>>> print(open('start_25.cif').read())   # mmCIF, C-alpha atoms
data_work
loop_
_atom_site.group_PDB
_atom_site.id
_atom_site.type_symbol
_atom_site.label_atom_id
_atom_site.label_comp_id
_atom_site.auth_asym_id
_atom_site.auth_seq_id
_atom_site.Cartn_x
_atom_site.Cartn_y
_atom_site.Cartn_z
ATOM 1 C CA ARG A 1 -53.153 104.001 21.287
ATOM 2 C CA GLN A 2 -52.630 103.488 24.997
ATOM 3 C CA VAL A 3 -54.986 100.669 25.992
ATOM 4 C CA ASP A 4 -53.857 97.064 26.279
ATOM 5 C CA VAL A 5 -56.963 95.408 24.816
ATOM 6 C CA ILE A 6 -59.729 96.458 22.428
ATOM 7 C CA ALA A 7 -63.172 94.874 22.800
ATOM 8 C CA SER A 8 -64.668 95.141 19.357
ATOM 9 C CA GLU A 9 -68.127 94.544 17.918
ATOM 10 C CA ASP A 10 -66.442 93.509 14.670
ATOM 11 C CA THR A 11 -62.673 93.065 14.711
ATOM 12 C CA ARG A 12 -62.481 93.533 10.922
ATOM 13 C CA VAL A 13 -64.151 96.947 11.081
ATOM 14 C CA THR A 14 -62.066 98.052 14.051
ATOM 15 C CA GLY A 15 -58.921 96.698 12.424
ATOM 16 C CA ALA A 16 -59.542 98.918 9.397
ATOM 17 C CA LEU A 17 -60.006 101.908 11.702
ATOM 18 C CA LEU A 18 -56.748 101.181 13.528
ATOM 19 C CA ARG A 19 -54.865 100.913 10.234
ATOM 20 C CA ALA A 20 -56.339 104.208 9.032
ATOM 21 C CA LEU A 21 -55.203 105.880 12.261
ATOM 22 C CA GLY A 22 -51.780 104.274 12.149
ATOM 23 C CA VAL A 23 -52.332 102.515 15.469
ATOM 24 C CA GLU A 24 -50.246 99.410 16.122
ATOM 25 C CA ARG A 25 -52.195 96.166 16.175
ATOM 26 C CA LYS A 26 -53.589 95.550 19.666
ATOM 27 C CA GLN A 27 -54.937 92.460 21.366
ATOM 28 C CA MET A 28 -58.540 92.365 20.228
ATOM 29 C CA VAL A 29 -61.475 90.552 21.811
ATOM 30 C CA SER A 30 -64.676 90.001 19.833
ATOM 31 C CA HIS A 31 -67.510 91.494 21.906
ATOM 32 C CA HIS A 32 -71.010 91.628 20.406
ATOM 33 C CA ASP A 33 -74.634 90.845 21.254
ATOM 34 C CA HIS A 34 -74.272 87.162 20.372
ATOM 35 C CA ASN A 35 -71.242 86.273 22.528
ATOM 36 C CA LEU A 36 -71.739 88.296 25.707
ATOM 37 C CA GLY A 37 -71.802 85.119 27.802
ATOM 38 C CA THR A 38 -68.140 84.470 26.987
ATOM 39 C CA SER A 39 -66.775 87.925 26.130
ATOM 40 C CA VAL A 40 -67.879 89.701 29.306
ATOM 41 C CA PRO A 41 -66.227 87.246 31.771
ATOM 42 C CA LYS A 42 -63.074 87.227 29.627
ATOM 43 C CA LEU A 43 -62.848 91.024 29.577
ATOM 44 C CA VAL A 44 -63.604 91.356 33.284
ATOM 45 C CA LYS A 45 -60.793 88.879 34.026
ATOM 46 C CA LEU A 46 -58.376 90.931 31.911
ATOM 47 C CA LEU A 47 -59.433 94.113 33.705
ATOM 48 C CA GLU A 48 -59.048 92.531 37.120
ATOM 49 C CA GLY A 49 -55.555 91.502 36.041
ATOM 50 C CA GLY A 50 -54.672 95.148 35.471
ATOM 51 C CA ALA A 51 -55.258 95.508 31.737
ATOM 52 C CA SER A 52 -56.963 98.554 30.271
ATOM 53 C CA VAL A 53 -59.751 97.863 27.768
ATOM 54 C CA ALA A 54 -61.385 100.091 25.143
ATOM 55 C CA VAL A 55 -64.869 99.124 23.948
ATOM 56 C CA VAL A 56 -65.541 99.889 20.284
ATOM 57 C CA SER A 57 -68.860 99.505 18.423
ATOM 58 C CA ASP A 58 -69.284 99.564 14.653
ATOM 59 C CA ALA A 59 -71.445 102.698 14.739
ATOM 60 C CA GLY A 60 -72.864 104.807 17.525
ATOM 61 C CA THR A 61 -72.099 104.761 21.225
ATOM 62 C CA PRO A 62 -71.466 101.431 23.004
ATOM 63 C CA GLY A 63 -74.359 100.576 25.306
ATOM 64 C CA ILE A 64 -76.923 102.680 23.410
ATOM 65 C CA SER A 65 -78.567 100.032 21.211
ATOM 66 C CA ASP A 66 -75.036 98.680 20.773
ATOM 67 C CA PRO A 67 -72.973 96.138 22.764
ATOM 68 C CA GLY A 68 -71.553 97.563 25.968
ATOM 69 C CA LEU A 69 -74.323 97.482 28.560
ATOM 70 C CA ALA A 70 -73.556 93.999 29.900
ATOM 71 C CA LEU A 71 -69.850 94.762 30.232
ATOM 72 C CA ALA A 72 -70.482 98.135 31.918
ATOM 73 C CA ALA A 73 -72.852 96.460 34.374
ATOM 74 C CA ALA A 74 -70.331 93.694 35.155
ATOM 75 C CA CYS A 75 -67.508 96.201 35.645
ATOM 76 C CA SER A 76 -69.669 98.352 37.885
ATOM 77 C CA ALA A 77 -70.568 95.337 40.019
ATOM 78 C CA GLN A 78 -66.859 94.514 40.442
ATOM 79 C CA GLY A 79 -65.846 98.092 41.217
ATOM 80 C CA ILE A 80 -63.811 98.393 38.002
ATOM 81 C CA PRO A 81 -63.505 102.058 36.919
ATOM 82 C CA LEU A 82 -65.444 103.049 33.793
ATOM 83 C CA VAL A 83 -64.398 105.998 31.637
ATOM 84 C CA PRO A 84 -66.877 107.378 29.062
ATOM 85 C CA VAL A 85 -65.427 108.578 25.775
ATOM 86 C CA PRO A 86 -67.743 111.011 23.939
ATOM 87 C CA GLY A 87 -68.503 109.716 20.492
ATOM 88 C CA PRO A 88 -71.128 109.419 17.762
ATOM 89 C CA CYS A 89 -74.751 108.935 18.797
ATOM 90 C CA ALA A 90 -77.333 108.731 16.032
ATOM 91 C CA ALA A 91 -80.212 109.746 18.315
ATOM 92 C CA VAL A 92 -78.614 113.008 19.441
ATOM 93 C CA ALA A 93 -77.188 113.738 15.978
ATOM 94 C CA ALA A 94 -80.653 113.371 14.412
ATOM 95 C CA LEU A 95 -82.307 115.484 17.106
ATOM 96 C CA SER A 96 -79.765 118.261 16.600
ATOM 97 C CA VAL A 97 -80.971 118.821 13.015
ATOM 98 C CA ALA A 98 -84.605 117.707 13.327
ATOM 99 C CA GLY A 99 -85.889 121.144 14.238
ATOM 100 C CA VAL A 100 -88.436 119.816 16.743
ATOM 101 C CA ALA A 101 -88.854 120.756 20.400
ATOM 102 C CA ALA A 102 -86.730 118.216 22.247
ATOM 103 C CA SER A 103 -85.774 119.657 25.623
ATOM 104 C CA GLU A 104 -87.469 116.430 26.685
ATOM 105 C CA PHE A 105 -87.496 113.353 24.476
ATOM 106 C CA VAL A 106 -88.029 109.608 24.730
ATOM 107 C CA PHE A 107 -85.445 107.238 23.289
ATOM 108 C CA ALA A 108 -87.180 104.009 22.266
ATOM 109 C CA GLY A 109 -84.311 102.374 20.370
ATOM 110 C CA PHE A 110 -85.347 99.456 18.164
ATOM 111 C CA LEU A 111 -88.987 98.380 18.410
ATOM 112 C CA PRO A 112 -89.625 94.779 19.554
ATOM 113 C CA ARG A 113 -90.054 92.180 16.821
ATOM 114 C CA ALA A 114 -92.575 89.955 18.615
ATOM 115 C CA ASN A 115 -96.116 90.858 17.553
ATOM 116 C CA LYS A 116 -97.699 91.501 20.957
ATOM 117 C CA ALA A 117 -94.748 93.391 22.420
ATOM 118 C CA ARG A 118 -94.444 95.368 19.196
ATOM 119 C CA ARG A 119 -98.117 96.397 19.191
ATOM 120 C CA LEU A 120 -97.881 97.570 22.791
ATOM 121 C CA LYS A 121 -94.709 99.571 22.136
ATOM 122 C CA VAL A 122 -96.083 101.142 18.958
ATOM 123 C CA ALA A 123 -99.223 102.210 20.844
ATOM 124 C CA GLU A 124 -97.052 103.675 23.591
ATOM 125 C CA VAL A 125 -94.970 105.642 21.080
ATOM 126 C CA ALA A 126 -98.074 106.884 19.259
ATOM 127 C CA GLU A 127 -99.542 108.205 22.532
ATOM 128 C CA GLU A 128 -96.299 109.776 23.808
ATOM 129 C CA HIS A 129 -96.640 113.568 23.847
ATOM 130 C CA ARG A 130 -92.892 114.260 23.847
ATOM 131 C CA ALA A 131 -90.486 113.817 20.934
ATOM 132 C CA VAL A 132 -89.545 110.175 20.349
ATOM 133 C CA VAL A 133 -86.417 108.749 18.712
ATOM 134 C CA LEU A 134 -86.485 105.280 17.140
ATOM 135 C CA TYR A 135 -83.842 103.225 15.385
ATOM 136 C CA GLU A 136 -84.960 101.009 12.524
ATOM 137 C CA ALA A 137 -83.447 98.588 10.053
ATOM 138 C CA PRO A 138 -84.234 99.200 6.364
ATOM 139 C CA HIS A 139 -86.257 95.998 5.893
ATOM 140 C CA ARG A 140 -88.598 96.945 8.766
ATOM 141 C CA MET A 141 -88.895 100.673 8.073
ATOM 142 C CA LEU A 142 -92.125 100.536 6.043
ATOM 143 C CA ASP A 143 -93.777 98.233 8.585
ATOM 144 C CA THR A 144 -92.846 100.550 11.427
ATOM 145 C CA LEU A 145 -94.197 103.659 9.718
ATOM 146 C CA GLY A 146 -97.344 101.735 8.753
ATOM 147 C CA ASP A 147 -97.844 100.465 12.301
ATOM 148 C CA LEU A 148 -97.499 103.996 13.672
ATOM 149 C CA CYS A 149 -100.088 105.229 11.167
ATOM 150 C CA ALA A 150 -102.469 102.448 12.199
ATOM 151 C CA ALA A 151 -101.971 103.465 15.837
ATOM 152 C CA GLY A 152 -103.234 106.979 15.086
ATOM 153 C CA ALA A 153 -99.927 108.807 14.625
ATOM 154 C CA ALA A 154 -100.141 109.391 10.846
ATOM 155 C CA GLU A 155 -100.229 113.196 11.243
ATOM 156 C CA ARG A 156 -97.352 113.429 13.711
ATOM 157 C CA PRO A 157 -94.371 115.331 12.264
ATOM 158 C CA VAL A 158 -91.346 113.156 11.577
ATOM 159 C CA VAL A 159 -87.765 113.413 10.398
ATOM 160 C CA CYS A 160 -86.325 110.202 8.986
ATOM 161 C CA ALA A 161 -82.524 110.280 8.984
ATOM 162 C CA ARG A 162 -80.752 107.657 6.900
ATOM 163 C CA GLU A 163 -77.055 106.790 7.111
ATOM 164 C CA ILE A 164 -76.138 109.764 9.337
ATOM 165 C CA THR A 165 -72.529 110.975 8.727
ATOM 166 C CA LYS A 166 -72.019 108.395 5.964
ATOM 167 C CA LEU A 167 -71.687 108.696 2.197
ATOM 168 C CA TYR A 168 -75.413 108.434 1.453
ATOM 169 C CA GLU A 169 -76.692 110.557 4.341
ATOM 170 C CA GLU A 170 -80.279 111.657 3.755
ATOM 171 C CA PHE A 171 -83.063 113.380 5.690
ATOM 172 C CA HIS A 172 -86.765 113.184 4.864
ATOM 173 C CA ARG A 173 -89.194 115.530 6.603
ATOM 174 C CA GLY A 174 -92.965 115.356 6.688
ATOM 175 C CA THR A 175 -95.615 113.465 8.605
ATOM 176 C CA ILE A 176 -95.449 109.790 9.478
ATOM 177 C CA GLY A 177 -98.136 109.147 6.871
ATOM 178 C CA SER A 178 -96.341 111.043 4.109
ATOM 179 C CA ALA A 179 -93.036 109.401 5.019
ATOM 180 C CA ARG A 180 -94.665 105.979 4.682
ATOM 181 C CA SER A 181 -95.792 106.870 1.143
ATOM 182 C CA TRP A 182 -92.399 108.367 0.272
ATOM 183 C CA TYR A 183 -90.399 105.334 1.336
ATOM 184 C CA ALA A 184 -92.881 102.945 -0.277
ATOM 185 C CA ASP A 185 -92.143 104.732 -3.571
ATOM 186 C CA VAL A 186 -88.385 104.592 -2.917
ATOM 187 C CA ALA A 187 -88.576 100.855 -2.172
ATOM 188 C CA ALA A 188 -90.613 100.253 -5.342
ATOM 189 C CA ARG A 189 -88.098 102.239 -7.402
ATOM 190 C CA ASP A 190 -84.918 100.726 -5.923
ATOM 191 C CA GLY A 191 -86.219 97.250 -5.127
ATOM 192 C CA GLN A 192 -85.652 97.754 -1.407
ATOM 193 C CA LEU A 193 -84.744 100.346 1.210
ATOM 194 C CA ARG A 194 -81.107 100.564 2.204
ATOM 195 C CA GLY A 195 -79.235 101.990 5.149
ATOM 196 C CA GLU A 196 -79.918 102.313 8.858
ATOM 197 C CA PHE A 197 -82.647 104.760 9.898
ATOM 198 C CA THR A 198 -83.014 107.087 12.858
ATOM 199 C CA VAL A 199 -86.621 108.267 13.154
ATOM 200 C CA VAL A 200 -87.402 111.446 15.090
ATOM 201 C CA ILE A 201 -91.113 111.864 15.842
ATOM 202 C CA GLY A 202 -92.028 115.415 16.805
ATOM 203 C CA PRO A 203 -93.959 116.180 19.996
ATOM 204 C CA LEU A 204 -97.699 116.677 19.950
ATOM 205 C CA ASP A 205 -98.776 120.224 19.198
ATOM 206 C CA PRO A 206 -100.281 122.088 22.189
ATOM 207 C CA GLU A 207 -103.847 121.932 20.852
ATOM 208 C CA THR A 208 -103.767 118.171 20.266
ATOM 209 C CA LEU A 209 -102.078 117.619 23.625
ATOM 210 C CA LYS A 210 -104.762 119.643 25.413
ATOM 211 C CA GLN A 211 -107.489 117.692 23.601
ATOM 212 C CA ARG A 212 -105.937 114.325 24.520
ATOM 213 C CA GLN A 213 -105.470 115.349 28.120
ATOM 214 C CA GLY A 214 -109.119 116.374 28.245
ATOM 215 C CA GLU A 215 -110.226 113.061 26.760
ATOM 216 C CA ALA A 216 -108.036 111.137 29.206
ATOM 217 C CA GLN A 217 -109.484 113.121 32.099
ATOM 218 C CA GLU A 218 -113.027 112.329 30.974
ATOM 219 C CA VAL A 219 -112.192 108.622 30.838
ATOM 220 C CA ALA A 220 -110.628 108.752 34.302
ATOM 221 C CA GLU A 221 -113.615 110.601 35.770
ATOM 222 C CA SER A 222 -116.054 108.137 34.210
ATOM 223 C CA ALA A 223 -114.096 105.178 35.591
ATOM 224 C CA ALA A 224 -113.873 106.856 38.985
ATOM 225 C CA ALA A 225 -117.646 107.437 39.054
ATOM 226 C CA ALA A 226 -118.274 103.762 38.298
ATOM 227 C CA GLU A 227 -115.899 102.713 41.069
ATOM 228 C CA VAL A 228 -117.555 105.092 43.543
ATOM 229 C CA ARG A 229 -120.898 103.443 42.819
ATOM 230 C CA VAL A 230 -119.441 99.975 43.443
ATOM 231 C CA ARG A 231 -117.762 100.935 46.705
ATOM 232 C CA LEU A 232 -120.710 102.872 48.108
ATOM 233 C CA ALA A 233 -123.008 99.947 47.293
ATOM 234 C CA ALA A 234 -120.613 97.711 49.212
ATOM 235 C CA GLY A 235 -121.047 99.892 52.285
ATOM 236 C CA GLY A 236 -117.906 101.987 52.028
ATOM 237 C CA ALA A 237 -117.753 105.218 54.033
ATOM 238 C CA LEU A 238 -118.080 108.289 51.828
ATOM 239 C CA SER A 239 -114.852 109.921 53.065
ATOM 240 C CA ARG A 240 -112.782 106.747 52.595
ATOM 241 C CA VAL A 241 -114.284 106.013 49.169
ATOM 242 C CA THR A 242 -113.549 109.582 48.066
ATOM 243 C CA LYS A 243 -109.940 109.493 49.234
ATOM 244 C CA ASP A 244 -109.117 106.054 47.789
ATOM 245 C CA VAL A 245 -110.827 106.503 44.418
ATOM 246 C CA ALA A 246 -109.287 109.953 43.878
ATOM 247 C CA ALA A 247 -105.806 108.543 44.497
ATOM 248 C CA GLU A 248 -106.301 105.464 42.331
ATOM 249 C CA PHE A 249 -107.778 107.221 39.286
ATOM 250 C CA GLY A 250 -105.895 110.520 39.437
ATOM 251 C CA VAL A 251 -109.085 112.566 39.811
ATOM 252 C CA SER A 252 -109.372 115.485 42.243
ATOM 253 C CA LYS A 253 -110.939 114.639 45.584
ATOM 254 C CA SER A 254 -113.440 117.471 45.198
ATOM 255 C CA LYS A 255 -114.788 115.966 41.965
ATOM 256 C CA VAL A 256 -114.951 112.478 43.424
ATOM 257 C CA TYR A 257 -116.659 113.799 46.558
ATOM 258 C CA ALA A 258 -119.207 115.728 44.480
ATOM 259 C CA GLU A 259 -119.904 112.599 42.434
ATOM 260 C CA ALA A 260 -120.281 110.500 45.579
ATOM 261 C CA LEU A 261 -122.766 113.018 47.023
ATOM 262 C CA ARG A 262 -124.686 113.029 43.739
ATOM 263 C CA GLN A 263 -124.923 109.248 43.790
ATOM 264 C CA LYS A 264 -126.005 109.269 47.452
ATOM 265 C CA GLN A 265 -128.730 111.790 46.647
ATOM 266 C CA GLU A 266 -129.790 109.800 43.601
ATOM 267 C CA GLU A 267 -130.058 106.651 45.706
ATOM 268 C CA LYS A 268 -132.034 108.495 48.391
ATOM 269 C CA GLU A 269 -134.512 109.830 45.833
ATOM 270 C CA ALA A 270 -134.893 106.367 44.308
ATOM 271 C CA ARG A 271 -135.710 104.899 47.694
ATOM 272 C CA GLY A 272 -138.211 107.703 48.304
ATOM 273 C CA ARG A 273 -140.005 106.982 45.040
ATOM 274 C CA GLY A 274 -140.114 103.291 45.894
ATOM 275 C CA SER A 275 -141.605 103.848 49.360
ATOM 276 C CA SER A 276 -144.248 106.296 48.037
ATOM 277 C CA ARG A 277 -145.565 103.575 45.752
#
>>> encode(input="start_25.cif", output="structure tokens")
Amino acid sequence: RQVDVIASEDTRVTGALLRALGVERKQMVSHHDHNLGTSVPKLVKLLEGGASVAVVSDAGTPGISDPGLALAAACSAQGIPLVPVPGPCAAVAALSVAGVAASEFVFAGFLPRANKARRLKVAEVAEEHRAVVLYEAPHRMLDTLGDLCAAGAAERPVVCAREITKLYEEFHRGTIGSARSWYADVAARDGQLRGEFTVVIGPLDPETLKQRQGEAQEVAESAAAAEVRVRLAAGGALSRVTKDVAAEFGVSKSKVYAEALRQKQEEKEARGRGSSR
């Protein structure tokens, strides 16, 4: 009611909101992902001229997978005060009812569309031990769940929230694999999936996490042992090799040192066998 200008993701949607609230028509500036090059300079100029501006997105919080980041960054760079207004956030709303441990969580937003970048991000999400929140459009939902299954996350617990706070709000709970089957059936029945999705992937259970950490440690120790062999063969001093390899591979210095000594002894014995012949 008090601002001079409203920067709106969709002026039609915001206009309907203003009418519902009985707010007098304000100066409105279209501000969305496809016109940031023109909307941001225009809004900054208005702000520098003394106007107050409210940023409104169609759903969710501006700047969190919604327009707002570029304007906030530009205002910050110019020393223009920024005032956060608490509002809807699908990620936090979904987490609040997911029933998974989320004192720590990773917000991944929308997955990339490009094949290579998408594969890398999916693999990263599948390996993440903390809870993960994704946003997904209905026409990509089945692909995303399928990609996560292919990346080894089929048994991870998941809560798929559709149309949070809206008329057709729905929550589906299960594993990523079972959710993929569920939504495949829904798509076959209805012709397509509808509505925006917020996907909450539960954290790894302690047993699986311990197993993965053990496997990762074995890989690191094996790689460290191979590197020790290379550096010792190149004439590296045992103390320096131990220190550098331990730091680079995240393996304890005592283990690296013991491995280096073992390799030194192995080499010594090999030379002894060769000279005896």
>>> resolve_selection(input="start_25.cif", expression="the PyMOL selection byres ((chain A and resi 56-60) around 8)", output="mmCIF file with C-alpha atoms, in the coordinates of the input")
data_model
loop_
_atom_site.group_PDB
_atom_site.id
_atom_site.type_symbol
_atom_site.label_atom_id
_atom_site.label_comp_id
_atom_site.auth_asym_id
_atom_site.auth_seq_id
_atom_site.Cartn_x
_atom_site.Cartn_y
_atom_site.Cartn_z
ATOM 1 C CA ILE A 6 -59.729 96.458 22.428
ATOM 2 C CA ALA A 7 -63.172 94.874 22.800
ATOM 3 C CA SER A 8 -64.668 95.141 19.357
ATOM 4 C CA GLU A 9 -68.127 94.544 17.918
ATOM 5 C CA ASP A 10 -66.442 93.509 14.670
ATOM 6 C CA VAL A 13 -64.151 96.947 11.081
ATOM 7 C CA THR A 14 -62.066 98.052 14.051
ATOM 8 C CA ALA A 54 -61.385 100.091 25.143
ATOM 9 C CA VAL A 55 -64.869 99.124 23.948
ATOM 10 C CA THR A 61 -72.099 104.761 21.225
ATOM 11 C CA PRO A 62 -71.466 101.431 23.004
ATOM 12 C CA ILE A 64 -76.923 102.680 23.410
ATOM 13 C CA ASP A 66 -75.036 98.680 20.773
ATOM 14 C CA PRO A 67 -72.973 96.138 22.764
ATOM 15 C CA GLY A 87 -68.503 109.716 20.492
ATOM 16 C CA PRO A 88 -71.128 109.419 17.762
ATOM 17 C CA CYS A 89 -74.751 108.935 18.797
ATOM 18 C CA ALA A 90 -77.333 108.731 16.032
#
>>> residues_around(input="start_25.cif", residues="region 240-257 of chain A", least_positions_apart="5", cutoff="9 Å", atoms="only C-alpha atoms", output="list in words")
Gln217, Ala220, Glu221, Ala223, Ala224, Ala225, Glu227, Val228, Arg231, Leu232 and Arg262 of chain A
>>> atom_distance(input="start_25.cif", atom1="CA of His34 (chain A)", atom2="CA of Thr11 (chain A)")
14.2 Å
>>> atom_distance(input="start_25.cif", atom1="CA of Pro203 (chain A)", atom2="CA of Ala123 (chain A)")
15.0 Å
>>> resolve_selection(input="start_25.cif", expression="the PyMOL selection byres ((chain A and resi 25) around 10)", output="number ranges by chain")
A: 1, 5-6, 15, 18-19, 22-24, 26-28
>>> axis_aligned_box(input="start_25.cif", around="region 194-197 of chain A", padding_each_side="6 Å", output="lines of an AutoDock Vina configuration file")
center_x = -80.9
center_y = 102.7
center_z = 6.1
size_x = 15.4
size_y = 16.2
size_z = 19.7
>>> closest_residue(input="start_25.cif", among="A:Asp205, A:Leu148, A:Asp33, A:Ala77", to="Leu120 (chain A)", atoms="only C-alpha atoms")
A:Leu148
>>> atom_distance(input="start_25.cif", atom1="CA of Ala258 (chain A)", atom2="CA of Ala237 (chain A)")
14.3 Å
>>> closest_residue(input="start_25.cif", among="A:Gln263, A:Leu134, A:Phe110, A:Gly79", to="Ala226 (chain A)", atoms="only C-alpha atoms")
A:Gln263
>>> resolve_selection(input="start_25.cif", expression="the PyMOL selection byres ((chain A and resi 157) around 7)", output="compact mmCIF listing (two decimals) with C-alpha atoms, in the frame of the given file")
# COMPACT_ATOMS: atom_id res chain seq x y z
CA GLU A 155 -100.23 113.20 11.24
CA ARG A 156 -97.35 113.43 13.71
CA VAL A 158 -91.35 113.16 11.58
CA GLY A 174 -92.96 115.36 6.69
CA THR A 175 -95.62 113.46 8.60
CA ILE A 176 -95.45 109.79 9.48
CA ILE A 201 -91.11 111.86 15.84
CA GLY A 202 -92.03 115.42 16.80
>>> closest_residue(input="start_25.cif", among="A:Val40, A:Leu142, A:Leu167, A:Ala151", to="Ala184 (chain A)", atoms="only C-alpha atoms")
A:Leu142
>>> residues_around(input="start_25.cif", residues="Ala187 (chain A)", least_positions_apart="4", cutoff="12 Å", atoms="all atoms listed in the file", output="list of chain:residue names")
A:Pro138, A:His139, A:Arg140, A:Met141, A:Leu142, A:Arg180, A:Ser181, A:Trp182, A:Tyr183, A:Gly191, A:Gln192, A:Leu193, A:Arg194, A:Gly195
>>> residues_around(input="start_25.cif", residues="Ala91 (chain A)", least_positions_apart="6", cutoff="9 Å", atoms="all atoms listed in the file", output="VMD selection string")
chain A and resid 60 107 109 133 to 135 198 to 200
>>> closest_residue(input="start_25.cif", among="A:Glu259, A:Gly177, A:Arg119, A:Thr165", to="Gly146 (chain A)", atoms="only C-alpha atoms")
A:Gly177
>>> closest_residue(input="start_25.cif", among="A:Val125, A:His172, A:Ala108, A:Glu207", to="Gly152 (chain A)", atoms="only C-alpha atoms")
A:Val125
>>> residues_around(input="start_25.cif", residues="Pro206 (chain A)", least_positions_apart="5", cutoff="12 Å", atoms="only C-alpha atoms", output="compact mmCIF listing (two decimals) with C-alpha atoms, in the coordinates of the input")
# COMPACT_ATOMS: atom_id res chain seq x y z
CA ALA A 101 -88.85 120.76 20.40
CA HIS A 129 -96.64 113.57 23.85
CA ARG A 130 -92.89 114.26 23.85
CA GLN A 211 -107.49 117.69 23.60
CA ARG A 212 -105.94 114.32 24.52
CA GLN A 213 -105.47 115.35 28.12
>>> residues_near_point(input="start_25.cif", point="(-91.5, 100.9, 17.6)", cutoff="6 Å", atoms="all atoms listed in the file", output="ChimeraX atom specification")
/A:111,121-122
>>> closest_residue(input="start_25.cif", among="A:Leu238, A:Ala70, A:Ala153, A:Ala16", to="Ser39 (chain A)", atoms="all atoms listed in the file")
A:Ala70
>>> residues_near_point(input="start_25.cif", point="(-53.1, 99.5, 32.0)", cutoff="7 Å", atoms="only C-alpha atoms", output="PyMOL selection string")
chain A and resi 3-4+50-52
>>> write_last_selection(input="start_25.cif", atoms="C-alpha atoms", output="CSV table (one decimal), in the coordinates of the input")
chain,number,residue,atom,x,y,z
A,3,VAL,CA,-55.0,100.7,26.0
A,4,ASP,CA,-53.9,97.1,26.3
A,50,GLY,CA,-54.7,95.1,35.5
A,51,ALA,CA,-55.3,95.5,31.7
A,52,SER,CA,-57.0,98.6,30.3
>>> build_atoms(input="start_25.cif", residues="region 204-220 of chain A", atoms="N, CA and C atoms", output="CSV table (one decimal), keeping the file's coordinate frame")
chain,number,residue,atom,x,y,z
A,204,LEU,N,-96.3,116.2,20.3
A,204,LEU,CA,-97.7,116.7,20.0
A,204,LEU,C,-97.8,118.2,20.0
A,205,ASP,N,-98.6,118.8,19.1
A,205,ASP,CA,-98.8,120.2,19.2
A,205,ASP,C,-99.7,120.5,20.4
A,206,PRO,N,-99.6,121.8,21.0
A,206,PRO,CA,-100.3,122.1,22.2
A,206,PRO,C,-101.8,121.8,22.1
A,207,GLU,N,-102.4,122.1,21.0
A,207,GLU,CA,-103.8,121.9,20.9
A,207,GLU,C,-104.2,120.5,20.9
A,208,THR,N,-103.5,119.6,20.2
A,208,THR,CA,-103.8,118.2,20.3
A,208,THR,C,-103.5,117.6,21.7
A,209,LEU,N,-102.4,118.1,22.3
A,209,LEU,CA,-102.1,117.6,23.6
A,209,LEU,C,-103.2,118.0,24.6
A,210,LYS,N,-103.7,119.2,24.5
A,210,LYS,CA,-104.8,119.6,25.4
A,210,LYS,C,-106.0,118.8,25.2
A,211,GLN,N,-106.3,118.5,23.9
A,211,GLN,CA,-107.5,117.7,23.6
A,211,GLN,C,-107.3,116.3,24.2
A,212,ARG,N,-106.2,115.7,24.0
A,212,ARG,CA,-105.9,114.3,24.5
A,212,ARG,C,-106.0,114.3,26.0
A,213,GLN,N,-105.4,115.3,26.7
A,213,GLN,CA,-105.5,115.3,28.1
A,213,GLN,C,-106.9,115.5,28.6
A,214,GLY,N,-107.7,116.2,27.9
A,214,GLY,CA,-109.1,116.4,28.2
A,214,GLY,C,-109.9,115.1,28.1
A,215,GLU,N,-109.6,114.4,27.0
A,215,GLU,CA,-110.2,113.1,26.8
A,215,GLU,C,-109.8,112.1,27.8
A,216,ALA,N,-108.5,112.1,28.2
A,216,ALA,CA,-108.0,111.1,29.2
A,216,ALA,C,-108.7,111.4,30.6
A,217,GLN,N,-108.9,112.7,30.8
A,217,GLN,CA,-109.5,113.1,32.1
A,217,GLN,C,-110.9,112.7,32.2
A,218,GLU,N,-111.6,112.8,31.0
A,218,GLU,CA,-113.0,112.3,31.0
A,218,GLU,C,-113.1,110.8,31.2
A,219,VAL,N,-112.2,110.1,30.6
A,219,VAL,CA,-112.2,108.6,30.8
A,219,VAL,C,-111.9,108.3,32.3
A,220,ALA,N,-111.0,109.0,32.9
A,220,ALA,CA,-110.6,108.8,34.3
A,220,ALA,C,-111.8,109.1,35.2
